[in-house]
Amino acid sequence: MSKKAAKKAPRKAQAKVLPEAQLIPPPVTATVHTLDNGFEVIVQEDHAHPLVNVQVWVRAGSIHEEQWTGAGLAHLVEHMLFKGTAKRTPGAITQAIQSLGGQVNAYTSFNRTVYWIDGLAENVGGYMDILADMAINSKFDPNDLAKEKDVIRREMAMDNDDPNSAGQHLMQSTAFLRHPLRQPIIGHRQVFDQVERQDVVNFVRRHYAPNNCFLVVAGAVDTDAVLAAAKEHFGAWQRQPYAPVMLPVEAPQHAPRVNSRTFATELTRVSIGWPIPGDADLDKAALDVLAFLLGSGRSSRLFQELREKRGIVHNVWAGAWSSAECGLFSVDAECDPPDTKAATQGLKDVVETIKKKGPTVEELDKAVRSTLAGQFRTLATTRGQASTLGHGWLTMNSLEYSRLYLEAIRKIKPARVQEVANLYLNDNTSNLVVVEPEGTLAKTKAERAEIAKRDTVEKVVLPNGLTLLLGRNPRLPLISMRASFLAGVLSENEENAGITQVTAQMLLKGTKTRSADELSSILEKRGGGLQAHGDAHRLWFAADVVKGDEGIALDVIADLAMNATLPAAQLEQVKKRQIAGIREEQEDPLTVAMRVARKEIFAEIPFHRTALGTEASVKSLTVAQGRTLLKNHLTGANGIISIFGDIDPVAVRKQVQKTLGTLPKGRRHLEDMRDLPVRGKPGAWDRTMEKEQAVLVIGFRTVGLHDGDSQVLSLIDEACSDMGSRLFNRIREDLGLAYYVGTQSFMAYGAGAFYFYVGTDPKKLALAEKEMKGQIADLAKNGLQADELARAKTTWRASWLKAQQGNGALADSLAWDELSGLGYGHFEKLPALIEAVTPADVKRVAKKFFNAKDAFVVRVQPK
């Protein structure tokens with residue numbers, strides 16, 4: 001820091017230090033009860049929101065497939081539990097959940113399969129009824145099994161098209177020689193194809209027993225009522241003899257291993273992994289802290305050294321993952337192919353440095369605070385609470401696991417972190433894997449009033465025109481701040497496209513009072529975070545902090561808004577990473593198809609581009625253009641500051657006036673762009689890629705976010721996008737034509753589009769297109785059925801409620817509504833607007849926009 005900057009430093013040092021006691025997570029109040037059949041029921045009462053999350057955990061994952069190891073049998077069973085029971089058809093399962101305002105999903109991991117429903121607390125009994133029916137009474141119909149196996153084959157093709165998955169699978173098969181962790185969860189196609197119905201039934205009989213499963217319920221529920229419902233729906237499930245799966249012991253590794261492969265990609269992925277003990281080992285907490293210090297956040301050692309200082313990677317991270325028996329610690333980087341060797345050596349250099357010197361006390365304090373703050377954020381949602389409890393029960397059979405784990409982290413000293421680094425991260429136990437572009441290996445990849453007892457949002461307009469939104473939510477000691485300014489795609493042209501995103505990233509490279517290192521660490525070391533982004537409409541930056549640090553956060557926000565230097569020396573690296581992002585988008589078939597459709601739908605208006613810009617425009621961007629953007633757009637009349645959380649509104653209002661009250665007033669932008677012209681010409685476009693899957697996108701020009709039809713389009717999107725939709729049931733379930741199918745409604749400032757999409761086998765593309773067009777034609781002619789519309793409204797309501805569980809999400813949503821001209825109160829009005837939509841409205845809007853002659857059809861197929 002310069003002497004000039006140092007003179008201003010004391011104002012930062014005066015910030016209040018948060019007492020360590022405030023970082024203690026809330027006490028565990030969950031209870032566990034065991035039914036007569038051995039089925040365990042965990043209940044966490046939380047009446048902050050009228051919501052509930054219900055999860056059924058099965059202690060069986062991909063490592064428990066025994067003679068079918070590598071088949072993906074556990075994952076196949078997960079899919080089949082949605083395929084019908086003795087009393088419910090496949091479509092009836094998801095429709096019943098949606099009619100109760102729920103959202104259902106499931107996942108399979110190495111050592112578990114979890115089925116969960118997020119929804120309205122008033123319907124907790126209904127959710128348990130459905131999950132119990134799925135777990136106990138699934139039919140495993142042979143025809144449905146054949147269709148679902150074809151769906152999973154498409155999922156395998158998608159997995160095969162993902163370079164990150166390729167790197168992960170390569171690391172697993174390199175680091176583990178005996179343990180089933182070496183196998184991908186989804187399985188190998190050749191083994192998967194051999195699975196028959198009886199194998200599925202046998203797996204379920206083996207593992208889906210009440211004494212090998214448990215239930216977690218978190219939300220606004222009554223424990224006695226939940227237990228009564230659990231007995232009603234799960235009590236008759238018959239206990240079975242259960243012998244634990246005997247897993248092979250991984251042999252000790254005594255020599256380094258190296259593996260590599262090529263892939264159809266633009267970037268190189270490098271990963272170095274080391275074997276570590278399982279989740280329950282006493283060293284696990286220290287290893288997680290080590291991973292955090294190396295690769296979590298902008299101030300982490302890998303990020304600072306390899307991305308910021310050396311400029312040889314685009315992304316870098318570290319992690320420690322385990323099953324109960326064993327696991328892997330890894331450091332990973334994504335870079336340009338010419339930088340592969342330097343990136344590999346850089347990963348090793350950073351690891352060796354922390355082994356020799358260990359972390360500083362300041363770094364360790366950051367890790368502890370960030371871990372605790374992350375836990376707070378997880379506990380803000382019912383799903384987060386249920387998942388935390390479930391993980392602890394699975395791992396240690398304890399509801400206190402999370403608290404004890406965090407307490408172990410709290411007690412860690414720098415020497416302990418250095419000790420585990422030296423114990424596990426050694427050359428002789430290392431596994432280096434590289435995924436590179438093809439051809440490079442030879443050279444060297446209860447609605448608003450009930451919600452959290454939150455105070456009414458307060459709006460204040462400062463003398464300089466800056467609008468301030470304040471929302472008090474004292475439930476957890478967390479605070480989120482968002483500074484949003486109109487900019488983005490609509491403020492750019494062909495020559496400077498992407499300047500908003502580039503400038504946003506440049507904000508973090510230094511100010512007149514803080515270096516880039518100081519910006520990256522000042523909040524992270526206190527358990528918070530700082531970020532800056534540009535999107536289609538805005539340049540925005542955000543701070544998420546623990547209570548007591550709001551003064552520091554506001555000071556940093558103001559520093560970014562008024563004192564950013566945009567150092568020229570950093571521009572090339574920022575542009576390089578943005579170009580890498582553009583190229584990475586070109587690797588995903590669905591994204592490619594969406595981008596082609598967007599370009600044609602929005603021809604000759606700004607939204608034909610994305611916020612990333614183009615390679616050509618990004619290459620030509622200059623610091624001067626960034627400074628001009630800041631001067632013109634970071635002004636009071638063009639911005640919103642939203643602050644939500646455990647705040648004192650009066651004190652915060654004074655702090656904002658003091659720190660941001662001198663921001664120039666300026667003018668509001670985009671006022672003349674609320675009704676952009678329609679110039680795109682419908683047609684069909686074909687593209688080819690080096691991929692296994694085919695993708696179809698059919699798009700239509702619609703309206704912008706200020707139009708009254710936007711709510712109707714949202715409900716059509718809701719009705720057509722989930723696992724109970726007509727598209728999913730017909731195209732995926734009945735005909736087996738696709739792995740994924742759905743819709744996306746894009747409503748922007750002054751324009752909009754609606755996309756129908758499907759991912760399918762190339763041989764089935766023509767049939768999938770015919771069926772999709774038939775479904776669109778029926779929608780345009782008849783609209784939605786009354787039951788479809790009712791389910792869409794219910795699921796929309798649940799999503800609306802869930803969007804309010806985190807301070808950051810609410811601060812961002814209300815800020816955008818205010819900034820866009822809808823007004824921050826629009827969020828409160830949405831339920832009434834949605835409820836007012838009638839079947840006639842849907843029919844009118846569908847007929848208006850989804851005409852076959854107005855379609856933009858894009859097909860992406862393998863070369």
# chains A, B, ... in the order shown; residues from 1 in each chain; ligands from 1
>>> residues_around(residues="Asn638 of chain A", least_positions_apart="4", cutoff="12 Å", atoms="only C-alpha atoms", output="JSON, numbers by chain")
{"A": [461, 464, 465, 466, 467, 468, 483, 484, 485, 486, 487, 537, 538, 539, 540, 630, 631, 632, 633, 634, 663, 664, 665, 666, 667, 668, 669, 670, 671, 815, 816, 818, 819, 820, 821]}
>>> write_last_selection(atoms="C-alpha atoms", output="compact mmCIF listing (two decimals), in the first residue's frame")
# COMPACT_ATOMS: atom_id res chain seq x y z
CA VAL A 461 -33.97 8.06 -1.57
CA ASN A 464 -27.96 12.26 -4.70
CA GLY A 465 -30.79 10.11 -6.10
CA LEU A 466 -29.45 6.81 -4.76
CA THR A 467 -32.27 4.53 -3.63
CA LEU A 468 -31.79 2.52 -0.45
CA ALA A 483 -25.25 -2.48 -5.04
CA SER A 484 -26.97 -2.58 -8.44
CA PHE A 485 -26.64 -0.16 -11.35
CA LEU A 486 -28.39 -0.28 -14.73
CA ALA A 487 -25.88 -1.24 -17.44
CA HIS A 537 -29.14 -5.50 -17.31
CA ARG A 538 -26.80 -4.55 -14.49
CA LEU A 539 -23.39 -4.07 -13.06
CA TRP A 540 -23.66 -5.18 -9.46
CA LEU A 630 -18.24 3.50 -14.36
CA LYS A 631 -18.45 7.26 -14.76
CA ASN A 632 -21.72 7.12 -16.68
CA HIS A 633 -23.49 4.29 -14.86
CA LEU A 634 -22.28 4.19 -11.24
CA LEU A 663 -21.79 9.39 -5.25
CA PRO A 664 -22.53 11.65 -8.28
CA LYS A 665 -26.24 11.96 -9.04
CA GLY A 666 -26.06 11.32 -12.81
CA ARG A 667 -29.10 10.11 -14.69
CA ARG A 668 -31.19 6.98 -15.00
CA HIS A 669 -30.39 4.79 -18.02
CA LEU A 670 -32.46 2.53 -20.29
CA GLU A 671 -35.63 4.65 -19.98
CA ALA A 815 -33.37 -4.41 -5.82
CA TRP A 816 -33.94 -5.60 -9.38
CA GLU A 818 -36.99 -1.40 -8.00
CA LEU A 819 -34.19 -0.81 -10.48
CA SER A 820 -36.21 -2.07 -13.44
CA GLY A 821 -39.09 0.27 -12.67
>>> residues_around(residues="segment 289-296 of chain A", least_positions_apart="3", cutoff="9 Å", atoms="only C-alpha atoms", output="CSV table (one decimal) with N, CA, C and O atoms, in the first residue's frame")
chain,number,residue,atom,x,y,z
A,284,LYS,N,-10.3,-35.3,9.4
A,284,LYS,CA,-11.1,-34.8,8.3
A,284,LYS,C,-11.3,-33.3,8.5
A,284,LYS,O,-11.3,-32.5,7.5
A,285,ALA,N,-11.6,-32.8,9.7
A,285,ALA,CA,-11.8,-31.4,9.9
A,285,ALA,C,-10.6,-30.5,9.5
A,285,ALA,O,-10.7,-29.5,8.8
A,286,ALA,N,-9.4,-31.0,9.9
A,286,ALA,CA,-8.2,-30.3,9.5
A,286,ALA,C,-8.0,-30.3,8.0
A,286,ALA,O,-7.5,-29.3,7.4
A,299,SER,N,-9.4,-15.0,-2.1
A,299,SER,CA,-8.2,-14.7,-1.3
A,299,SER,C,-7.4,-16.0,-1.0
A,299,SER,O,-6.4,-16.0,-0.3
A,300,SER,N,-7.9,-17.2,-1.5
A,300,SER,CA,-7.2,-18.4,-1.3
A,300,SER,C,-5.8,-18.4,-1.9
A,300,SER,O,-5.6,-17.7,-2.8
A,301,ARG,N,-5.0,-19.3,-1.4
A,301,ARG,CA,-3.6,-19.3,-1.9
A,301,ARG,C,-3.5,-19.7,-3.4
A,301,ARG,O,-2.7,-19.1,-4.2
A,302,LEU,N,-4.3,-20.7,-3.8
A,302,LEU,CA,-4.2,-21.1,-5.2
A,302,LEU,C,-4.7,-20.0,-6.1
A,302,LEU,O,-4.1,-19.7,-7.2
A,303,PHE,N,-5.8,-19.3,-5.8
A,303,PHE,CA,-6.4,-18.3,-6.6
A,303,PHE,C,-5.4,-17.1,-6.7
A,303,PHE,O,-5.1,-16.6,-7.8
A,316,VAL,N,-9.5,-22.2,-10.4
A,316,VAL,CA,-8.7,-23.1,-9.5
A,316,VAL,C,-9.5,-23.3,-8.2
A,316,VAL,O,-10.2,-22.5,-7.7
A,317,TRP,N,-9.4,-24.6,-7.7
A,317,TRP,CA,-10.1,-24.9,-6.5
A,317,TRP,C,-9.5,-26.1,-5.8
A,317,TRP,O,-8.6,-26.7,-6.4
A,318,ALA,N,-9.9,-26.4,-4.6
A,318,ALA,CA,-9.4,-27.5,-3.9
A,318,ALA,C,-10.6,-28.1,-3.1
A,318,ALA,O,-11.6,-27.4,-2.8
A,319,GLY,N,-10.5,-29.4,-2.8
A,319,GLY,CA,-11.6,-30.0,-2.0
A,319,GLY,C,-11.1,-31.3,-1.4
A,319,GLY,O,-10.1,-31.9,-1.8
A,320,ALA,N,-11.9,-31.7,-0.4
A,320,ALA,CA,-11.6,-33.0,0.3
A,320,ALA,C,-12.9,-33.7,0.4
A,320,ALA,O,-13.8,-33.3,1.2
A,329,PHE,N,-8.3,-36.0,-1.4
A,329,PHE,CA,-8.0,-34.6,-1.4
A,329,PHE,C,-7.5,-34.2,-2.7
A,329,PHE,O,-6.5,-34.8,-3.2
A,330,SER,N,-8.0,-33.1,-3.3
A,330,SER,CA,-7.5,-32.7,-4.6
A,330,SER,C,-7.4,-31.2,-4.8
A,330,SER,O,-8.1,-30.4,-4.1
A,331,VAL,N,-6.4,-30.8,-5.6
A,331,VAL,CA,-6.3,-29.4,-6.1
A,331,VAL,C,-6.5,-29.5,-7.6
A,331,VAL,O,-6.0,-30.3,-8.3
A,332,ASP,N,-7.3,-28.5,-8.1
A,332,ASP,CA,-7.7,-28.6,-9.5
A,332,ASP,C,-7.5,-27.2,-10.2
A,332,ASP,O,-7.7,-26.2,-9.5
A,350,VAL,N,2.3,-24.4,-4.7
A,350,VAL,CA,1.4,-23.8,-3.6
A,350,VAL,C,1.3,-24.8,-2.5
A,350,VAL,O,1.3,-24.5,-1.3
A,351,VAL,N,1.1,-26.1,-2.9
A,351,VAL,CA,0.9,-27.2,-1.8
A,351,VAL,C,2.2,-27.3,-1.0
A,351,VAL,O,2.2,-27.4,0.2
A,354,ILE,N,2.6,-24.5,1.7
A,354,ILE,CA,1.8,-24.6,2.9
A,354,ILE,C,2.3,-25.8,3.7
A,354,ILE,O,2.2,-25.8,5.0
A,359,PRO,N,-0.3,-22.4,7.5
A,359,PRO,CA,-1.1,-21.2,7.3
A,359,PRO,C,-0.8,-20.1,8.4
A,359,PRO,O,-0.3,-20.5,9.4
A,363,GLU,N,-5.2,-16.4,8.2
A,363,GLU,CA,-5.8,-17.3,7.2
A,363,GLU,C,-6.7,-18.3,8.0
A,363,GLU,O,-7.8,-18.6,7.5
A,364,LEU,N,-6.2,-18.9,9.0
A,364,LEU,CA,-7.0,-19.8,9.8
A,364,LEU,C,-8.3,-19.2,10.4
A,364,LEU,O,-9.3,-19.8,10.3
A,366,LYS,N,-9.9,-16.8,9.1
A,366,LYS,CA,-10.8,-16.6,7.9
A,366,LYS,C,-11.5,-17.9,7.6
A,366,LYS,O,-12.7,-17.9,7.4
A,367,ALA,N,-10.8,-19.1,7.7
A,367,ALA,CA,-11.4,-20.4,7.4
A,367,ALA,C,-12.5,-20.7,8.4
A,367,ALA,O,-13.5,-21.2,8.1
A,368,VAL,N,-12.2,-20.4,9.7
A,368,VAL,CA,-13.1,-20.7,10.7
A,368,VAL,C,-14.4,-19.9,10.6
A,368,VAL,O,-15.5,-20.4,10.6
A,371,THR,N,-16.4,-20.9,7.4
A,371,THR,CA,-17.1,-22.2,7.6
A,371,THR,C,-18.3,-22.0,8.4
A,371,THR,O,-19.4,-22.5,8.1
A,409,ILE,N,-13.2,-27.7,14.1
A,409,ILE,CA,-12.6,-26.7,13.3
A,409,ILE,C,-12.1,-25.5,14.1
A,409,ILE,O,-11.1,-24.9,13.9
A,412,ILE,N,-8.8,-25.9,15.8
A,412,ILE,CA,-7.6,-26.2,15.0
A,412,ILE,C,-6.6,-25.0,15.0
A,412,ILE,O,-6.9,-23.9,14.9
A,417,VAL,N,-2.9,-27.9,10.8
A,417,VAL,CA,-3.2,-27.9,9.4
A,417,VAL,C,-1.9,-28.3,8.6
A,417,VAL,O,-1.9,-29.1,7.7
A,418,GLN,N,-0.8,-27.7,9.1
A,418,GLN,CA,0.5,-28.1,8.5
A,418,GLN,C,0.8,-29.5,8.7
A,418,GLN,O,1.4,-30.2,7.8
A,420,VAL,N,-1.3,-32.2,8.9
A,420,VAL,CA,-2.1,-33.0,7.9
A,420,VAL,C,-1.6,-32.8,6.5
A,420,VAL,O,-1.6,-33.8,5.7
A,421,ALA,N,-1.2,-31.6,6.2
A,421,ALA,CA,-0.7,-31.4,4.8
A,421,ALA,C,0.6,-32.2,4.6
A,421,ALA,O,0.7,-32.9,3.5
>>> residues_around(residues="Glu524 of chain A", least_positions_apart="2", cutoff="10 Å", atoms="only C-alpha atoms", output="ChimeraX atom specification")
/A:296-300,363,365-367,369-370,518-522,526-530,543-545
>>> write_last_selection(atoms="N, CA and C atoms", output="PDB file, in the first residue's frame")
ATOM      1  N   SER A 296     -10.537 -21.968  -1.632  1.00  0.00           N
ATOM      2  CA  SER A 296     -11.877 -21.415  -1.485  1.00  0.00           C
ATOM      3  C   SER A 296     -11.835 -19.890  -1.483  1.00  0.00           C
ATOM      4  N   GLY A 297     -12.414 -19.289  -2.490  1.00  0.00           N
ATOM      5  CA  GLY A 297     -12.521 -17.832  -2.518  1.00  0.00           C
ATOM      6  C   GLY A 297     -11.360 -17.142  -3.222  1.00  0.00           C
ATOM      7  N   ARG A 298     -11.561 -15.864  -3.442  1.00  0.00           N
ATOM      8  CA  ARG A 298     -10.584 -15.070  -4.178  1.00  0.00           C
ATOM      9  C   ARG A 298      -9.302 -14.849  -3.388  1.00  0.00           C
ATOM     10  N   SER A 299      -9.368 -14.956  -2.068  1.00  0.00           N
ATOM     11  CA  SER A 299      -8.171 -14.738  -1.268  1.00  0.00           C
ATOM     12  C   SER A 299      -7.412 -16.028  -0.989  1.00  0.00           C
ATOM     13  N   SER A 300      -7.894 -17.152  -1.509  1.00  0.00           N
ATOM     14  CA  SER A 300      -7.217 -18.427  -1.271  1.00  0.00           C
ATOM     15  C   SER A 300      -5.840 -18.435  -1.923  1.00  0.00           C
ATOM     16  N   GLU A 363      -5.160 -16.406   8.184  1.00  0.00           N
ATOM     17  CA  GLU A 363      -5.798 -17.312   7.237  1.00  0.00           C
ATOM     18  C   GLU A 363      -6.710 -18.300   7.960  1.00  0.00           C
ATOM     19  N   ASP A 365      -8.140 -17.989  10.845  1.00  0.00           N
ATOM     20  CA  ASP A 365      -9.316 -17.285  11.365  1.00  0.00           C
ATOM     21  C   ASP A 365     -10.351 -17.089  10.263  1.00  0.00           C
ATOM     22  N   LYS A 366      -9.868 -16.771   9.068  1.00  0.00           N
ATOM     23  CA  LYS A 366     -10.774 -16.628   7.922  1.00  0.00           C
ATOM     24  C   LYS A 366     -11.507 -17.936   7.645  1.00  0.00           C
ATOM     25  N   ALA A 367     -10.771 -19.055   7.681  1.00  0.00           N
ATOM     26  CA  ALA A 367     -11.369 -20.356   7.395  1.00  0.00           C
ATOM     27  C   ALA A 367     -12.458 -20.697   8.412  1.00  0.00           C
ATOM     28  N   ARG A 369     -14.179 -18.576  10.398  1.00  0.00           N
ATOM     29  CA  ARG A 369     -15.316 -17.666  10.248  1.00  0.00           C
ATOM     30  C   ARG A 369     -16.141 -18.009   9.007  1.00  0.00           C
ATOM     31  N   SER A 370     -15.479 -18.302   7.900  1.00  0.00           N
ATOM     32  CA  SER A 370     -16.193 -18.602   6.663  1.00  0.00           C
ATOM     33  C   SER A 370     -16.962 -19.902   6.775  1.00  0.00           C
ATOM     34  N   GLU A 518      -6.095  -7.061  -0.634  1.00  0.00           N
ATOM     35  CA  GLU A 518      -6.897  -6.591   0.497  1.00  0.00           C
ATOM     36  C   GLU A 518      -8.387  -6.754   0.217  1.00  0.00           C
ATOM     37  N   LEU A 519      -8.802  -6.457  -1.005  1.00  0.00           N
ATOM     38  CA  LEU A 519     -10.209  -6.615  -1.358  1.00  0.00           C
ATOM     39  C   LEU A 519     -10.643  -8.073  -1.261  1.00  0.00           C
ATOM     40  N   SER A 520      -9.780  -8.981  -1.701  1.00  0.00           N
ATOM     41  CA  SER A 520     -10.151 -10.397  -1.696  1.00  0.00           C
ATOM     42  C   SER A 520     -10.208 -10.978  -0.295  1.00  0.00           C
ATOM     43  N   SER A 521      -9.448 -10.406   0.634  1.00  0.00           N
ATOM     44  CA  SER A 521      -9.355 -11.020   1.957  1.00  0.00           C
ATOM     45  C   SER A 521     -10.127 -10.297   3.049  1.00  0.00           C
ATOM     46  N   ILE A 522     -10.450  -9.033   2.858  1.00  0.00           N
ATOM     47  CA  ILE A 522     -10.977  -8.233   3.960  1.00  0.00           C
ATOM     48  C   ILE A 522     -12.277  -8.797   4.533  1.00  0.00           C
ATOM     49  N   ARG A 526     -13.204 -12.728   7.621  1.00  0.00           N
ATOM     50  CA  ARG A 526     -14.174 -12.526   8.704  1.00  0.00           C
ATOM     51  C   ARG A 526     -15.429 -13.374   8.477  1.00  0.00           C
ATOM     52  N   GLY A 527     -15.314 -14.370   7.580  1.00  0.00           N
ATOM     53  CA  GLY A 527     -16.437 -15.253   7.336  1.00  0.00           C
ATOM     54  C   GLY A 527     -17.431 -14.725   6.329  1.00  0.00           C
ATOM     55  N   GLY A 528     -17.073 -13.673   5.601  1.00  0.00           N
ATOM     56  CA  GLY A 528     -17.973 -13.088   4.613  1.00  0.00           C
ATOM     57  C   GLY A 528     -17.477 -13.312   3.204  1.00  0.00           C
ATOM     58  N   GLY A 529     -18.001 -12.548   2.283  1.00  0.00           N
ATOM     59  CA  GLY A 529     -17.594 -12.669   0.898  1.00  0.00           C
ATOM     60  C   GLY A 529     -17.895 -11.411   0.128  1.00  0.00           C
ATOM     61  N   LEU A 530     -17.125 -11.198  -0.934  1.00  0.00           N
ATOM     62  CA  LEU A 530     -17.285 -10.035  -1.805  1.00  0.00           C
ATOM     63  C   LEU A 530     -17.265 -10.521  -3.240  1.00  0.00           C
ATOM     64  N   ALA A 543     -21.861  -7.920  -0.985  1.00  0.00           N
ATOM     65  CA  ALA A 543     -21.124  -8.330   0.206  1.00  0.00           C
ATOM     66  C   ALA A 543     -22.072  -9.107   1.109  1.00  0.00           C
ATOM     67  N   ASP A 544     -21.612 -10.259   1.571  1.00  0.00           N
ATOM     68  CA  ASP A 544     -22.360 -11.060   2.528  1.00  0.00           C
ATOM     69  C   ASP A 544     -21.485 -11.216   3.763  1.00  0.00           C
ATOM     70  N   VAL A 545     -21.990 -10.768   4.903  1.00  0.00           N
ATOM     71  CA  VAL A 545     -21.162 -10.724   6.106  1.00  0.00           C
ATOM     72  C   VAL A 545     -21.948 -11.198   7.320  1.00  0.00           C
TER      73      VAL A 545
END
>>> atom_distance(atom1="atom CA of Leu432 of chain A", atom2="atom CA of Cys326 of chain A")
18.4 Å
>>> closest_residue(among="A:Leu423, A:Met80, A:Leu389, A:Ala324", to="Lys147 of chain A", atoms="only C-alpha atoms")
A:Met80
>>> select_by_dssp(residues="segment 147-391 of chain A", states="strand (DSSP E)", output="ChimeraX atom specification")
/A:213-219,257-263,268-277,315-322,326-335
>>> closest_residue(among="A:Gly488, A:Gly70, A:Gly661, A:Gly683", to="Leu612 of chain A", atoms="only C-alpha atoms")
A:Gly488
>>> closest_residue(among="A:Ser799, A:Gln95, A:Asn105, A:Gln531", to="Ile117 of chain A", atoms="only C-alpha atoms")
A:Asn105
>>> closest_residue(among="A:Leu554, A:Ala719, A:Ala516, A:Ala497", to="Ser617 of chain A", atoms="only C-alpha atoms")
A:Ala497
>>> closest_residue(among="A:Ala624, A:Arg383, A:Ala373, A:Pro414", to="Leu476 of chain A", atoms="only C-alpha atoms")
A:Ala373
>>> select_by_dssp(residues="segment 300-454 of chain A", states="helix (DSSP H, G or I)", output="number ranges by chain")
A: 301-309, 337-357, 361-379, 382-396, 401-410, 414-424, 427-429, 447-450
>>> atom_distance(atom1="atom CA of Asp193 of chain A", atom2="atom CA of His79 of chain A")
15.4 Å
>>> closest_atom_pairs(of="segment 275-353 of chain A", to="segment 568-588 of chain A", cutoff="10 Å", atoms="only C-alpha atoms", output="Markdown table")
| residue | atom | partner | partner_atom | distance |
| --- | --- | --- | --- | --- |
| A:Arg307 | CA | A:Gln573 | CA | 8.3 |
| A:Glu308 | CA | A:Gln573 | CA | 8.2 |
| A:Lys309 | CA | A:Gln570 | CA | 9.6 |
| A:Arg310 | CA | A:Gln573 | CA | 9.7 |
| A:Gly311 | CA | A:Gln573 | CA | 6.3 |
| A:Ile312 | CA | A:Gln573 | CA | 8.8 |
| A:Val313 | CA | A:Arg577 | CA | 8.3 |
| A:His314 | CA | A:Arg577 | CA | 5.4 |
| A:Asn315 | CA | A:Arg577 | CA | 8.4 |
| A:Glu334 | CA | A:Ala580 | CA | 9.7 |
| A:Cys335 | CA | A:Ala580 | CA | 8.6 |
| A:Asp336 | CA | A:Ala580 | CA | 8.2 |
>>> write_last_selection(atoms="N, CA, C and O atoms", output="compact mmCIF listing (two decimals), in the first residue's frame")
# COMPACT_ATOMS: atom_id res chain seq x y z
N ARG A 307 -3.86 -17.60 -10.36
CA ARG A 307 -4.72 -16.79 -11.23
C ARG A 307 -4.34 -15.32 -11.20
O ARG A 307 -4.15 -14.69 -12.25
N GLU A 308 -4.16 -14.77 -10.00
CA GLU A 308 -3.93 -13.34 -9.91
C GLU A 308 -2.47 -12.95 -10.18
O GLU A 308 -2.21 -12.01 -10.92
N LYS A 309 -1.53 -13.68 -9.59
CA LYS A 309 -0.12 -13.31 -9.74
C LYS A 309 0.51 -13.88 -11.01
O LYS A 309 1.09 -13.16 -11.81
N ARG A 310 0.39 -15.17 -11.19
CA ARG A 310 1.02 -15.79 -12.36
C ARG A 310 0.15 -15.72 -13.61
O ARG A 310 0.66 -15.78 -14.72
N GLY A 311 -1.17 -15.63 -13.44
CA GLY A 311 -2.08 -15.51 -14.58
C GLY A 311 -2.06 -16.72 -15.49
O GLY A 311 -2.22 -16.60 -16.71
N ILE A 312 -1.92 -17.93 -14.92
CA ILE A 312 -1.79 -19.13 -15.76
C ILE A 312 -3.02 -20.03 -15.69
O ILE A 312 -3.05 -21.07 -16.35
N VAL A 313 -4.03 -19.67 -14.91
CA VAL A 313 -5.25 -20.48 -14.84
C VAL A 313 -6.48 -19.57 -14.95
O VAL A 313 -6.40 -18.38 -14.62
N HIS A 314 -7.58 -20.16 -15.38
CA HIS A 314 -8.85 -19.44 -15.41
C HIS A 314 -9.64 -19.70 -14.13
O HIS A 314 -10.27 -18.81 -13.58
N ASN A 315 -9.63 -20.94 -13.70
CA ASN A 315 -10.31 -21.32 -12.47
C ASN A 315 -9.41 -22.26 -11.69
O ASN A 315 -8.65 -23.05 -12.28
N GLU A 334 -8.12 -25.08 -14.20
CA GLU A 334 -8.57 -25.02 -15.59
C GLU A 334 -7.74 -23.95 -16.28
O GLU A 334 -7.69 -22.81 -15.81
N CYS A 335 -7.11 -24.30 -17.39
CA CYS A 335 -6.18 -23.36 -18.02
C CYS A 335 -6.18 -23.52 -19.52
O CYS A 335 -6.77 -24.47 -20.07
N ASP A 336 -5.50 -22.62 -20.21
CA ASP A 336 -5.29 -22.76 -21.65
C ASP A 336 -4.25 -23.86 -21.89
O ASP A 336 -3.32 -24.04 -21.08
>>> atom_distance(atom1="atom CA of Thr69 of chain A", atom2="atom CA of Gly84 of chain A")
25.8 Å
>>> closest_residue(among="A:Lys763, A:His188, A:Arg410, A:His179", to="Val695 of chain A", atoms="only C-alpha atoms")
A:Lys763
>>> residues_around(residues="Asp675 of chain A", least_positions_apart="6", cutoff="8 Å", atoms="only C-alpha atoms", output="list in words")
Gly704, Gly750 and Ala751 of chain A
>>> residues_around(residues="Glu600 of chain A", least_positions_apart="4", cutoff="12 Å", atoms="only C-alpha atoms", output="JSON, numbers by chain")
{"A": [593, 594, 595, 596, 604, 605, 606, 607, 608, 609, 678, 679, 680, 681, 682, 683, 684, 685, 698, 699, 700, 701, 753, 854, 855, 856, 857, 858]}
